[in-house]
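Colleague: What follows is final20.tsv, made up of TSV, C-alpha atoms:
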chain	number	residue	atom	x	y	z
A	1	MET	CA	6.27	29.10	-5.66
A	2	ASP	CA	2.67	28.67	-4.53
A	3	PRO	CA	1.63	25.31	-3.04
A	4	VAL	CA	-0.01	22.81	-5.39
A	5	GLY	CA	-3.79	22.76	-5.07
A	6	ILE	CA	-5.19	19.29	-4.33
A	7	ALA	CA	-8.45	17.60	-3.38
A	8	ILE	CA	-8.87	14.80	-0.85
A	9	ILE	CA	-11.19	12.10	-2.21
A	10	GLY	CA	-12.63	10.00	0.59
A	11	GLY	CA	-13.53	10.62	4.21
A	12	GLY	CA	-12.73	7.35	5.95
A	13	VAL	CA	-10.58	6.52	8.95
A	14	PHE	CA	-7.25	6.57	7.12
A	15	VAL	CA	-8.03	9.86	5.38
A	16	LYS	CA	-8.81	11.52	8.69
A	17	GLU	CA	-5.94	10.03	10.65
A	18	GLN	CA	-3.22	10.07	7.99
A	19	HIS	CA	-3.87	11.72	4.63
A	20	ILE	CA	-5.22	15.06	5.82
A	21	PRO	CA	-2.48	15.53	8.46
A	22	ALA	CA	0.12	14.50	5.87
A	23	ALA	CA	-1.16	16.99	3.28
A	24	LEU	CA	-1.24	19.73	5.92
A	25	ALA	CA	2.34	18.89	6.93
A	26	SER	CA	3.69	19.41	3.42
A	27	PRO	CA	4.41	23.05	2.58
A	28	LEU	CA	4.16	22.09	-1.08
A	29	LEU	CA	0.43	21.26	-0.92
A	30	SER	CA	-2.77	23.19	-0.32
A	31	ILE	CA	-6.07	21.37	0.28
A	32	LYS	CA	-8.73	23.05	-1.85
A	33	ALA	CA	-11.56	20.52	-1.58
A	34	ILE	CA	-12.75	17.34	0.12
A	35	TRP	CA	-15.16	14.86	-1.46
A	36	SER	CA	-16.90	11.98	0.26
A	37	ARG	CA	-19.95	9.88	-0.54
A	38	SER	CA	-21.87	11.73	2.17
A	39	LEU	CA	-21.73	15.41	3.06
A	40	LYS	CA	-21.73	14.44	6.72
A	41	THR	CA	-18.45	12.54	6.32
A	42	ALA	CA	-16.88	15.41	4.36
A	43	GLN	CA	-17.91	17.82	7.13
A	44	GLU	CA	-16.32	15.56	9.74
A	45	ALA	CA	-13.11	15.41	7.72
A	46	VAL	CA	-12.78	19.18	7.26
A	47	LYS	CA	-12.91	19.65	11.05
A	48	LEU	CA	-9.36	18.27	11.13
A	49	ILE	CA	-8.11	21.27	9.18
A	50	PRO	CA	-7.22	24.40	11.20
A	51	SER	CA	-10.08	26.92	11.12
A	52	ASP	CA	-8.11	29.58	9.26
A	53	ALA	CA	-7.45	27.16	6.40
A	54	ALA	CA	-10.71	25.19	6.60
A	55	SER	CA	-12.74	28.19	5.48
A	56	SER	CA	-11.17	27.97	2.03
A	57	VAL	CA	-11.80	24.22	1.65
A	58	ASP	CA	-14.88	23.43	-0.41
A	59	LEU	CA	-16.93	20.32	0.37
A	60	TYR	CA	-18.33	17.97	-2.25
A	61	SER	CA	-20.32	14.76	-1.93
A	62	SER	CA	-22.68	12.41	-3.73
A	63	ASP	CA	-25.63	13.88	-1.80
A	64	SER	CA	-24.78	17.59	-2.11
A	65	GLY	CA	-26.70	18.29	-5.30
A	66	ASP	CA	-25.73	20.11	-8.49
A	67	GLY	CA	-22.26	21.54	-8.77
A	68	LYS	CA	-20.89	19.51	-5.84
A	69	SER	CA	-20.06	16.14	-7.42
A	70	TYR	CA	-16.73	14.39	-7.88
A	71	GLU	CA	-16.84	15.37	-11.54
A	72	ASP	CA	-17.22	19.02	-10.55
A	73	ILE	CA	-13.97	18.84	-8.56
A	74	LEU	CA	-12.20	17.54	-11.66
A	75	LYS	CA	-13.33	20.62	-13.62
A	76	ARG	CA	-11.54	23.01	-11.27
A	77	GLU	CA	-8.41	24.58	-12.72
A	78	ASP	CA	-7.00	25.40	-9.27
A	79	ILE	CA	-6.85	21.68	-8.39
A	80	THR	CA	-3.80	19.98	-9.88
A	81	GLY	CA	-4.02	16.61	-8.17
A	82	VAL	CA	-6.16	14.34	-6.02
A	83	ILE	CA	-5.39	11.98	-3.14
A	84	LEU	CA	-7.74	9.02	-3.42
A	85	ALA	CA	-8.61	6.66	-0.56
A	86	LEU	CA	-11.77	4.77	-1.44
A	87	PRO	CA	-13.04	1.18	-1.17
A	88	ILE	CA	-10.92	-1.22	-3.23
A	89	ILE	CA	-13.76	-2.13	-5.61
A	90	ASP	CA	-14.67	1.51	-6.35
A	91	GLN	CA	-11.27	3.16	-6.64
A	92	PRO	CA	-10.17	2.31	-10.23
A	93	ALA	CA	-13.15	4.12	-11.77
A	94	TYR	CA	-12.34	7.27	-9.79
A	95	ILE	CA	-8.69	7.04	-10.80
A	96	GLU	CA	-9.63	6.80	-14.48
A	97	LYS	CA	-11.93	9.82	-14.29
A	98	ALA	CA	-9.24	11.92	-12.63
A	99	LEU	CA	-6.60	10.93	-15.17
A	100	ALA	CA	-8.97	11.66	-18.05
A	101	ALA	CA	-9.51	15.13	-16.59
A	102	GLY	CA	-5.74	15.70	-16.53
A	103	LYS	CA	-5.39	15.49	-12.74
A	104	HIS	CA	-2.39	13.89	-11.08
A	105	VAL	CA	-3.40	11.02	-8.79
A	106	LEU	CA	-2.01	9.59	-5.56
A	107	ALA	CA	-4.17	6.51	-4.90
A	108	GLU	CA	-4.13	4.30	-1.84
A	109	LYS	CA	-2.97	0.71	-2.20
A	110	PRO	CA	-3.91	-1.84	-3.38
A	111	LEU	CA	-3.88	-0.78	-7.01
A	112	ALA	CA	-7.09	-2.77	-7.68
A	113	LYS	CA	-9.04	-5.78	-6.45
A	114	ASP	CA	-7.10	-8.16	-8.70
A	115	VAL	CA	-4.23	-8.30	-11.18
A	116	ALA	CA	-6.49	-8.31	-14.25
A	117	THR	CA	-8.13	-5.05	-13.18
A	118	ALA	CA	-4.77	-3.55	-12.25
A	119	VAL	CA	-3.23	-4.35	-15.64
A	120	LYS	CA	-6.17	-2.74	-17.45
A	121	LEU	CA	-5.86	0.34	-15.22
A	122	ILE	CA	-2.15	0.71	-15.98
A	123	GLU	CA	-2.83	0.33	-19.71
A	124	TYR	CA	-5.51	3.02	-19.49
A	125	TYR	CA	-3.15	5.27	-17.53
A	126	LYS	CA	-0.40	4.99	-20.14
A	127	GLN	CA	-2.84	5.75	-22.94
A	128	VAL	CA	-4.46	8.74	-21.24
A	129	SER	CA	-1.30	10.22	-19.73
A	130	ALA	CA	0.20	10.43	-23.20
A	131	GLU	CA	-2.58	12.89	-24.00
A	132	THR	CA	-3.12	14.69	-20.67
A	133	ASN	CA	0.33	14.33	-19.06
A	134	ALA	CA	-1.44	13.28	-15.83
A	135	SER	CA	0.51	10.98	-13.52
A	136	LEU	CA	-0.56	8.02	-11.40
A	137	ALA	CA	1.24	7.29	-8.13
A	138	ILE	CA	0.32	4.55	-5.67
A	139	ALA	CA	0.56	5.22	-1.95
A	140	GLU	CA	2.39	2.26	-0.41
A	141	ASN	CA	3.61	3.81	2.82
A	142	PHE	CA	5.80	0.81	3.77
A	143	ARG	CA	8.23	1.94	1.05
A	144	PHE	CA	8.75	5.16	3.00
A	145	LEU	CA	9.58	3.50	6.31
A	146	GLN	CA	13.31	3.70	7.02
A	147	GLY	CA	13.58	0.21	8.47
A	148	TRP	CA	12.82	-1.59	5.22
A	149	SER	CA	15.28	0.47	3.19
A	150	TYR	CA	17.99	0.05	5.82
A	151	GLY	CA	17.33	-3.69	6.04
A	152	ALA	CA	17.56	-4.05	2.25
A	153	GLU	CA	20.95	-2.31	2.23
A	154	GLU	CA	22.27	-4.47	5.08
A	155	ILE	CA	21.22	-7.63	3.23
A	156	LYS	CA	23.30	-6.59	0.22
A	157	LYS	CA	26.41	-6.46	2.42
A	158	LEU	CA	26.02	-10.06	3.63
A	159	GLY	CA	26.46	-11.98	0.40
A	160	LYS	CA	23.83	-14.01	-1.37
A	161	VAL	CA	20.41	-14.57	0.22
A	162	THR	CA	20.07	-18.22	1.25
A	163	GLY	CA	16.58	-18.30	2.78
A	164	PHE	CA	13.81	-16.26	4.37
A	165	VAL	CA	10.87	-16.56	6.73
A	166	VAL	CA	8.08	-14.01	7.09
A	167	ARG	CA	5.85	-14.35	10.17
A	168	MET	CA	2.93	-12.02	10.86
A	169	ASN	CA	0.26	-13.17	13.26
A	170	SER	CA	-2.46	-11.03	14.80
A	171	MET	CA	-6.18	-10.86	15.51
A	172	MET	CA	-8.41	-8.44	13.61
A	173	GLU	CA	-11.08	-8.02	16.27
A	174	LYS	CA	-14.69	-7.08	15.58
A	175	THR	CA	-14.20	-3.85	17.51
A	176	ASN	CA	-11.29	-2.69	15.34
A	177	LYS	CA	-12.05	0.61	13.58
A	178	TYR	CA	-10.97	-0.80	10.23
A	179	TYR	CA	-13.10	-3.92	10.64
A	180	LEU	CA	-16.13	-1.72	11.23
A	181	THR	CA	-16.03	-0.29	7.69
A	182	PRO	CA	-18.78	-2.17	5.74
A	183	TRP	CA	-16.73	-2.81	2.59
A	184	ARG	CA	-14.09	-4.57	4.67
A	185	THR	CA	-16.55	-6.48	6.88
A	186	THR	CA	-18.17	-8.06	3.80
A	187	PRO	CA	-15.38	-7.97	1.19
A	188	GLN	CA	-16.22	-8.26	-2.51
A	189	TYR	CA	-12.65	-9.16	-3.42
A	190	GLN	CA	-10.35	-12.15	-3.00
A	191	GLY	CA	-8.70	-12.58	0.37
A	192	GLY	CA	-10.50	-9.96	2.46
A	193	PHE	CA	-8.18	-8.45	5.08
A	194	LEU	CA	-5.32	-10.64	3.84
A	195	LEU	CA	-5.36	-8.74	0.53
A	196	ASP	CA	-6.15	-5.27	1.87
A	197	GLY	CA	-3.35	-5.20	4.43
A	198	GLY	CA	-1.28	-7.95	2.83
A	199	VAL	CA	0.09	-5.81	0.01
A	200	HIS	CA	2.00	-3.86	2.67
A	201	PHE	CA	3.81	-7.03	3.63
A	202	THR	CA	4.49	-8.26	0.10
A	203	ALA	CA	5.90	-4.79	-0.63
A	204	ALA	CA	8.20	-5.08	2.40
A	205	LEU	CA	9.37	-8.59	1.48
A	206	ARG	CA	10.04	-7.61	-2.13
A	207	LYS	CA	12.01	-4.57	-0.94
A	208	LEU	CA	14.20	-6.71	1.29
A	209	LEU	CA	14.85	-9.45	-1.28
A	210	GLY	CA	15.65	-7.10	-4.17
A	211	SER	CA	15.48	-7.76	-7.89
A	212	GLU	CA	18.06	-10.59	-7.83
A	213	ASN	CA	15.77	-12.59	-5.51
A	214	ALA	CA	12.41	-11.86	-7.15
A	215	ILE	CA	9.80	-14.52	-6.41
A	216	GLU	CA	9.37	-16.85	-9.38
A	217	SER	CA	6.82	-19.38	-8.13
A	218	LEU	CA	4.94	-20.40	-4.98
A	219	ILE	CA	2.56	-22.85	-3.40
A	220	ALA	CA	0.18	-21.98	-0.56
A	221	ASN	CA	-2.58	-23.24	1.69
A	222	THR	CA	-5.18	-20.89	3.11
A	223	SER	CA	-7.85	-21.23	5.77
A	224	LEU	CA	-10.49	-19.35	7.72
A	225	VAL	CA	-9.63	-19.51	11.41
A	226	SER	CA	-11.96	-16.77	12.71
A	227	SER	CA	-15.44	-16.85	11.19
A	228	HIS	CA	-15.82	-13.04	11.16
A	229	LEU	CA	-12.96	-12.65	8.65
A	230	PRO	CA	-14.17	-14.30	5.43
A	231	PRO	CA	-13.27	-15.58	2.95
A	232	VAL	CA	-9.88	-16.60	4.45
A	233	ASP	CA	-7.73	-15.11	7.17
A	234	SER	CA	-4.59	-17.28	7.17
A	235	ILE	CA	-1.89	-18.17	4.63
A	236	ASN	CA	1.02	-20.57	4.78
A	237	ALA	CA	3.10	-20.27	1.59
A	238	VAL	CA	6.41	-21.61	0.31
A	239	MET	CA	8.09	-19.37	-2.24
A	240	LYS	CA	10.97	-19.92	-4.66
A	241	THR	CA	13.01	-17.04	-6.07
A	242	LYS	CA	14.56	-16.80	-9.52
A	243	SER	CA	17.93	-17.35	-7.81
A	244	GLY	CA	16.68	-20.69	-6.46
A	245	VAL	CA	16.23	-19.61	-2.84
A	246	VAL	CA	13.28	-21.09	-0.94
A	247	GLY	CA	11.44	-19.19	1.78
A	248	SER	CA	8.25	-19.25	3.86
A	249	TYR	CA	5.45	-16.72	4.26
A	250	ILE	CA	3.26	-17.41	7.30
A	251	VAL	CA	0.51	-14.88	7.93
A	252	SER	CA	-2.76	-14.81	9.83
A	253	VAL	CA	-5.03	-11.94	10.81
A	254	GLY	CA	-7.35	-14.25	12.72
A	255	THR	CA	-5.12	-15.99	15.26
A	256	THR	CA	-4.30	-15.61	18.95
A	257	MET	CA	-0.60	-15.91	18.09
A	258	ASP	CA	1.43	-12.72	17.90
A	259	ALA	CA	4.36	-12.18	15.54
A	260	PHE	CA	5.79	-9.58	13.15
A	261	ASP	CA	9.19	-10.27	11.65
A	262	PHE	CA	10.96	-10.68	8.33
A	263	HIS	CA	13.99	-12.94	8.71
A	264	ILE	CA	16.41	-12.97	5.75
A	265	ALA	CA	19.36	-15.39	5.89
A	266	CYS	CA	22.50	-14.64	3.86
A	267	GLU	CA	25.88	-16.29	3.30
A	268	GLN	CA	27.58	-14.05	5.85
A	269	GLY	CA	24.85	-13.41	8.42
A	270	TYR	CA	21.20	-12.45	8.60
A	271	VAL	CA	18.83	-9.51	8.87
A	272	LYS	CA	15.71	-9.57	11.00
A	273	ALA	CA	13.40	-6.66	10.25
A	274	GLU	CA	10.46	-5.79	12.48
A	275	GLY	CA	9.38	-2.52	10.94
A	276	ALA	CA	10.96	0.15	13.13
A	277	LYS	CA	13.63	-2.24	14.47
A	278	VAL	CA	16.24	-4.03	12.38
A	279	VAL	CA	18.72	-6.57	13.77
A	280	THR	CA	21.77	-7.40	11.65
A	281	ALA	CA	24.04	-10.35	12.46
A	282	ARG	CA	27.40	-10.21	10.68
A	283	GLY	CA	29.23	-13.51	10.67
A	284	VAL	CA	28.21	-17.09	11.43
A	285	GLY	CA	27.72	-18.92	14.71
A	286	LYS	CA	29.79	-17.83	17.73
A	287	ASN	CA	31.73	-15.36	15.63
A	288	ALA	CA	28.61	-13.40	14.64
A	289	VAL	CA	28.40	-9.78	15.75
A	290	THR	CA	24.87	-8.50	16.25
A	291	GLU	CA	23.78	-4.90	15.81
A	292	GLU	CA	20.31	-3.52	16.54
A	293	LYS	CA	19.07	-0.31	14.94
A	294	VAL	CA	15.81	1.30	16.03
A	295	PHE	CA	14.05	3.92	13.92
A	296	GLU	CA	11.47	6.45	14.99
A	297	LYS	CA	8.03	4.91	14.65
A	298	SER	CA	6.09	6.30	11.72
A	299	PHE	CA	3.30	5.34	9.35
A	300	GLY	CA	5.33	6.74	6.46
A	301	VAL	CA	2.32	8.62	5.12
A	302	LYS	CA	3.69	12.12	5.67
A	303	GLU	CA	6.84	11.08	3.84
A	304	GLU	CA	4.97	9.53	0.92
A	305	VAL	CA	2.58	12.47	0.49
A	306	HIS	CA	5.44	14.97	0.57
A	307	ALA	CA	7.39	12.82	-1.93
A	308	TRP	CA	4.36	12.91	-4.23
A	309	ALA	CA	4.18	16.69	-3.89
A	310	GLU	CA	7.84	16.93	-4.87
A	311	SER	CA	7.19	14.78	-7.92
A	312	LEU	CA	4.37	17.08	-9.01
A	313	LEU	CA	6.70	20.07	-8.91
A	314	SER	CA	9.64	18.32	-10.55
A	315	GLY	CA	7.64	16.39	-13.13
A	316	ILE	CA	9.64	13.27	-12.24
A	317	ALA	CA	7.76	10.28	-10.81
A	318	ASN	CA	8.97	9.00	-7.45
A	319	PRO	CA	10.42	5.49	-8.03
A	320	ASN	CA	8.74	4.22	-4.84
A	321	GLN	CA	5.25	5.15	-6.08
A	322	THR	CA	4.98	3.62	-9.54
A	323	PRO	CA	1.83	1.61	-10.37
A	324	GLU	CA	4.05	-1.22	-11.62
A	325	LEU	CA	5.47	-1.72	-8.12
A	326	ALA	CA	1.94	-1.87	-6.74
A	327	LEU	CA	0.98	-4.36	-9.47
A	328	ALA	CA	3.79	-6.68	-8.38
A	329	ASP	CA	2.83	-6.33	-4.70
A	330	LEU	CA	-0.74	-7.27	-5.60
A	331	GLU	CA	0.30	-10.16	-7.83
A	332	LEU	CA	2.33	-11.83	-5.08
A	333	MET	CA	-0.63	-11.61	-2.71
A	334	GLU	CA	-3.12	-12.79	-5.33
A	335	LYS	CA	-1.04	-15.81	-6.34
A	336	MET	CA	-0.87	-17.00	-2.73
A	337	LEU	CA	-4.63	-16.72	-2.41
A	338	THR	CA	-5.19	-18.43	-5.76
A	339	SER	CA	-2.89	-21.30	-4.82
A	340	GLY	CA	-4.85	-21.68	-1.59
A	341	ASP	CA	-8.12	-21.72	-3.54
A	342	GLN	CA	-6.65	-24.49	-5.72
A	343	ASP	CA	-5.50	-26.67	-2.83
A	344	GLY	CA	-1.87	-25.69	-3.09
A	345	ALA	CA	-1.40	-25.68	-6.86
A	346	ARG	CA	1.90	-24.08	-7.91
A	347	GLN	CA	1.60	-20.55	-9.26
A	348	LYS	CA	4.05	-18.83	-11.61
A	349	LEU	CA	4.57	-15.07	-11.23
A	350	GLU	CA	4.86	-12.61	-14.09
A	351	TYR	CA	5.41	-9.10	-12.71
A	352	GLN	CA	7.98	-9.54	-9.96
A	353	HIS	CA	10.75	-7.90	-11.99
A	354	PHE	CA	9.19	-4.57	-10.95
A	355	VAL	CA	11.21	-3.96	-7.77
What does the file become when written as structure tokens?
Modeller:
Amino acid sequence: MDPVGIAIIGGGVFVKEQHIPAALASPLLSIKAIWSRSLKTAQEAVKLIPSDAASSVDLYSSDSGDGKSYEDILKREDITGVILALPIIDQPAYIEKALAAGKHVLAEKPLAKDVATAVKLIEYYKQVSAETNASLAIAENFRFLQGWSYGAEEIKKLGKVTGFVVRMNSMMEKTNKYYLTPWRTTPQYQGGFLLDGGVHFTAALRKLLGSENAIESLIANTSLVSSHLPPVDSINAVMKTKSGVVGSYIVSVGTTMDAFDFHIACEQGYVKAEGAKVVTARGVGKNAVTEEKVFEKSFGVKEEVHAWAESLLSGIANPNQTPELALADLELMEKMLTSGDQDGARQKLEYQHFV
């Protein structure tokens, strides 16, 4: 069977460093075109493709004139799907156009800038896909990292969850390549970097807790610690699950502190997940036996892109890439930010049953 023809939409840092290499690594995909807002960026992106294959990749951009627009890509019959990685504010409109044209979409997280926009996008997708059979998948690479899946399975073996603490502290410096993208430097969406990167962490937490411990309500305080990271860069939240468990979520992207761990306490031990490393303690106190498992470090992008390719061929959506999962990841992040905006007012959650 011939590889599925796709187009890469976007020419930013993550496209160049992750999406293009991931698409090239999958034998099920063939890059037919690259679109970016500027031809210069598209030309820089195509340089990452081996010369023998690059010659057959067509470049499109907003400044390339007639016949070279995004809409022109969507008219091509040899392009079955698109991988979209665009600014958060812009992306939903591009997703809708692709779906309307009958193209399958793999779109970078977050699903949208807010829950209201995300819900409308999912409604549109369901309506249009019924006519075009086009599919919408959301690229949340944390769901393809082995550590989170392993940690979730270990938690199930330790009885009921009794508590949890998430700690992620770092400094997004002005010299960081992601900070230097204009749409991130001056965000037009709630939460700034906390939202953009934060949906990774809400996805990881939700994966570890599982459906029986879905977050039901929360309270949070937010603040701006580093002035170059508006509107806020720090969250301290207290969450309550539908099972009655209380946990903490402590995150800052503007602090000199350094931390990255998800600590889940259970009746018969605990799991401490740090991405590629997972520590499981079986038992309580002096009788506890601790096991450490280390996984090969990965961004998970090659795995998620190949999984999407498999879903295109099988016609069966990958359960780790549904827009509903991304909606729930976004909702959890948004509710923390909203509570912070409202001086710690309690927020009820609606979509956390999507796990």
Colleague: As a ChimeraX atom specification, please: the residues near Ala237 (chain A) (cut-off 8 Å, only C-alpha atoms, same-chain neighbours under 5 positions excluded).
Modeller: /A:218-221,248-250,336
Colleague: At what distance in Å, to one decimal, does CA of Ala152 (chain A) lie from CA of Asn213 (chain A)?
Modeller: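 Here the two named atoms are 11.7 Å from each other.
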Colleague: Measuring atom to atom with only C-alpha atoms, identify which of A:Lys103, A:Lys302, A:Arg37, A:His263 is nearest to Tyr70 (chain A).
Modeller: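 Among A:Lys103, A:Lys302, A:Arg37, A:His263, it is A:Arg37 that comes nearest to Tyr70 (chain A).
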Colleague: Can you pull out the residues contacting Ala101 (chain A)? Cut-off 9 Å, using all atoms listed in the file, and skip same-chain residues under 2 positions away; I want them as number ranges by chain.
Modeller: A: 71, 74-75, 96-99, 103, 132, 134
Colleague: Selected residues, C-alpha atoms, written as a compact mmCIF listing (two decimals), in the coordinates of the input, please.
Modeller:
# COMPACT_ATOMS: atom_id res chain seq x y z
CA GLU A 71 -16.84 15.37 -11.54
CA LEU A 74 -12.20 17.54 -11.66
CA LYS A 75 -13.33 20.62 -13.62
CA GLU A 96 -9.63 6.80 -14.48
CA LYS A 97 -11.93 9.82 -14.29
CA ALA A 98 -9.24 11.92 -12.63
CA LEU A 99 -6.60 10.93 -15.17
CA LYS A 103 -5.39 15.49 -12.74
CA THR A 132 -3.12 14.69 -20.67
CA ALA A 134 -1.44 13.28 -15.83
Colleague: Taking the point (-14.2, 16.6, -4.9) as given in the file, collect each protein or nucleic acid residue that comes within 8 Å of it, counting only C-alpha atoms, and present the set as JSON, numbers by chain.
Modeller: {"A": [7, 8, 9, 33, 34, 35, 36, 59, 60, 61, 68, 69, 70, 71, 72, 73, 74]}
Colleague: Output the selection as a PDB file, in the coordinates of the input - C-alpha atoms for each residue.
Modeller:
ATOM      1  CA  ALA A   7      -8.450  17.600  -3.380  1.00  0.00           C
ATOM      2  CA  ILE A   8      -8.870  14.800  -0.850  1.00  0.00           C
ATOM      3  CA  ILE A   9     -11.190  12.100  -2.210  1.00  0.00           C
ATOM      4  CA  ALA A  33     -11.560  20.520  -1.580  1.00  0.00           C
ATOM      5  CA  ILE A  34     -12.750  17.340   0.120  1.00  0.00           C
ATOM      6  CA  TRP A  35     -15.160  14.860  -1.460  1.00  0.00           C
ATOM      7  CA  SER A  36     -16.900  11.980   0.260  1.00  0.00           C
ATOM      8  CA  LEU A  59     -16.930  20.320   0.370  1.00  0.00           C
ATOM      9  CA  TYR A  60     -18.330  17.970  -2.250  1.00  0.00           C
ATOM     10  CA  SER A  61     -20.320  14.760  -1.930  1.00  0.00           C
ATOM     11  CA  LYS A  68     -20.890  19.510  -5.840  1.00  0.00           C
ATOM     12  CA  SER A  69     -20.060  16.140  -7.420  1.00  0.00           C
ATOM     13  CA  TYR A  70     -16.730  14.390  -7.880  1.00  0.00           C
ATOM     14  CA  GLU A  71     -16.840  15.370 -11.540  1.00  0.00           C
ATOM     15  CA  ASP A  72     -17.220  19.020 -10.550  1.00  0.00           C
ATOM     16  CA  ILE A  73     -13.970  18.840  -8.560  1.00  0.00           C
ATOM     17  CA  LEU A  74     -12.200  17.540 -11.660  1.00  0.00           C
TER      18      LEU A  74
END
Colleague: Please, what distance in Å, to one decimal, runs between CA of Ala288 (chain A) and CA of Ala265 (chain A)?
Modeller: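 That distance, rounded to one decimal, is 12.9 Å.
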Colleague: Rank nothing, just name the residue among A:Thr290, A:Thr256, A:Ser311, A:Asn320 nearest to Met171 (chain A), using only C-alpha atoms.
Modeller: A:Thr256
Colleague: Scan for residues within 7 Å of the point (19.6, -7.1, 9.7) in the coordinates of the file, using only C-alpha atoms, and reply as a ChimeraX atom specification.
Modeller: /A:151,154-155,270-273,278-281
Colleague: Work out how far apart CA of Ser30 (chain A) and CA of Val15 (chain A) are and give it in Å to one decimal.
Modeller: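 Between CA of Ser30 (chain A) and CA of Val15 (chain A) the gap works out to 15.4 Å.
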Colleague: If we count all atoms listed in the file, what is near Gly210 (chain A) at a cut-off of 10 Å, once residues fewer than 2 positions away on the same chain are taken out, given as a VMD selection string?
Modeller: chain A and resid 152 to 153 155 to 156 161 205 to 208 212 to 215 352 to 355
Colleague: I need the residue nearest Ala85 (chain A) from this list: A:Ala139, A:Ile122, A:Gly10, A:Ser64. Use only C-alpha atoms for the distance.
Modeller: A:Gly10
Colleague: Between A:Lys297, A:Arg282, A:His228, A:His19, which is the closest to Ala107 (chain A) once you count only C-alpha atoms?
Modeller: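 Ranking A:Lys297, A:Arg282, A:His228, A:His19 by distance to Ala107 (chain A), first place goes to A:His19.
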Colleague: List the neighbours of Thr222 (chain A) out to 12 Å using all atoms listed in the file; skip same-chain residues closer than 6 positions along the sequence, and give me the result as a VMD selection string.
Modeller: chain A and resid 190 to 191 194 230 to 238 249 to 254 333 to 345
Colleague: Pick the closest to Tyr351 (chain A) from A:Val305, A:Leu195, A:Ala118, A:Val284: which is it, counting only C-alpha atoms?
Modeller: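 The closest residue to Tyr351 (chain A) is A:Ala118.
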Colleague: Between A:Val119, A:Leu84, A:Val46, A:Leu229, single out the one closest to Ile138 (chain A), counting all atoms listed in the file.
Modeller: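 Checking each of A:Val119, A:Leu84, A:Val46, A:Leu229 against Ile138 (chain A), counting all atoms listed in the file, the winner is A:Leu84.
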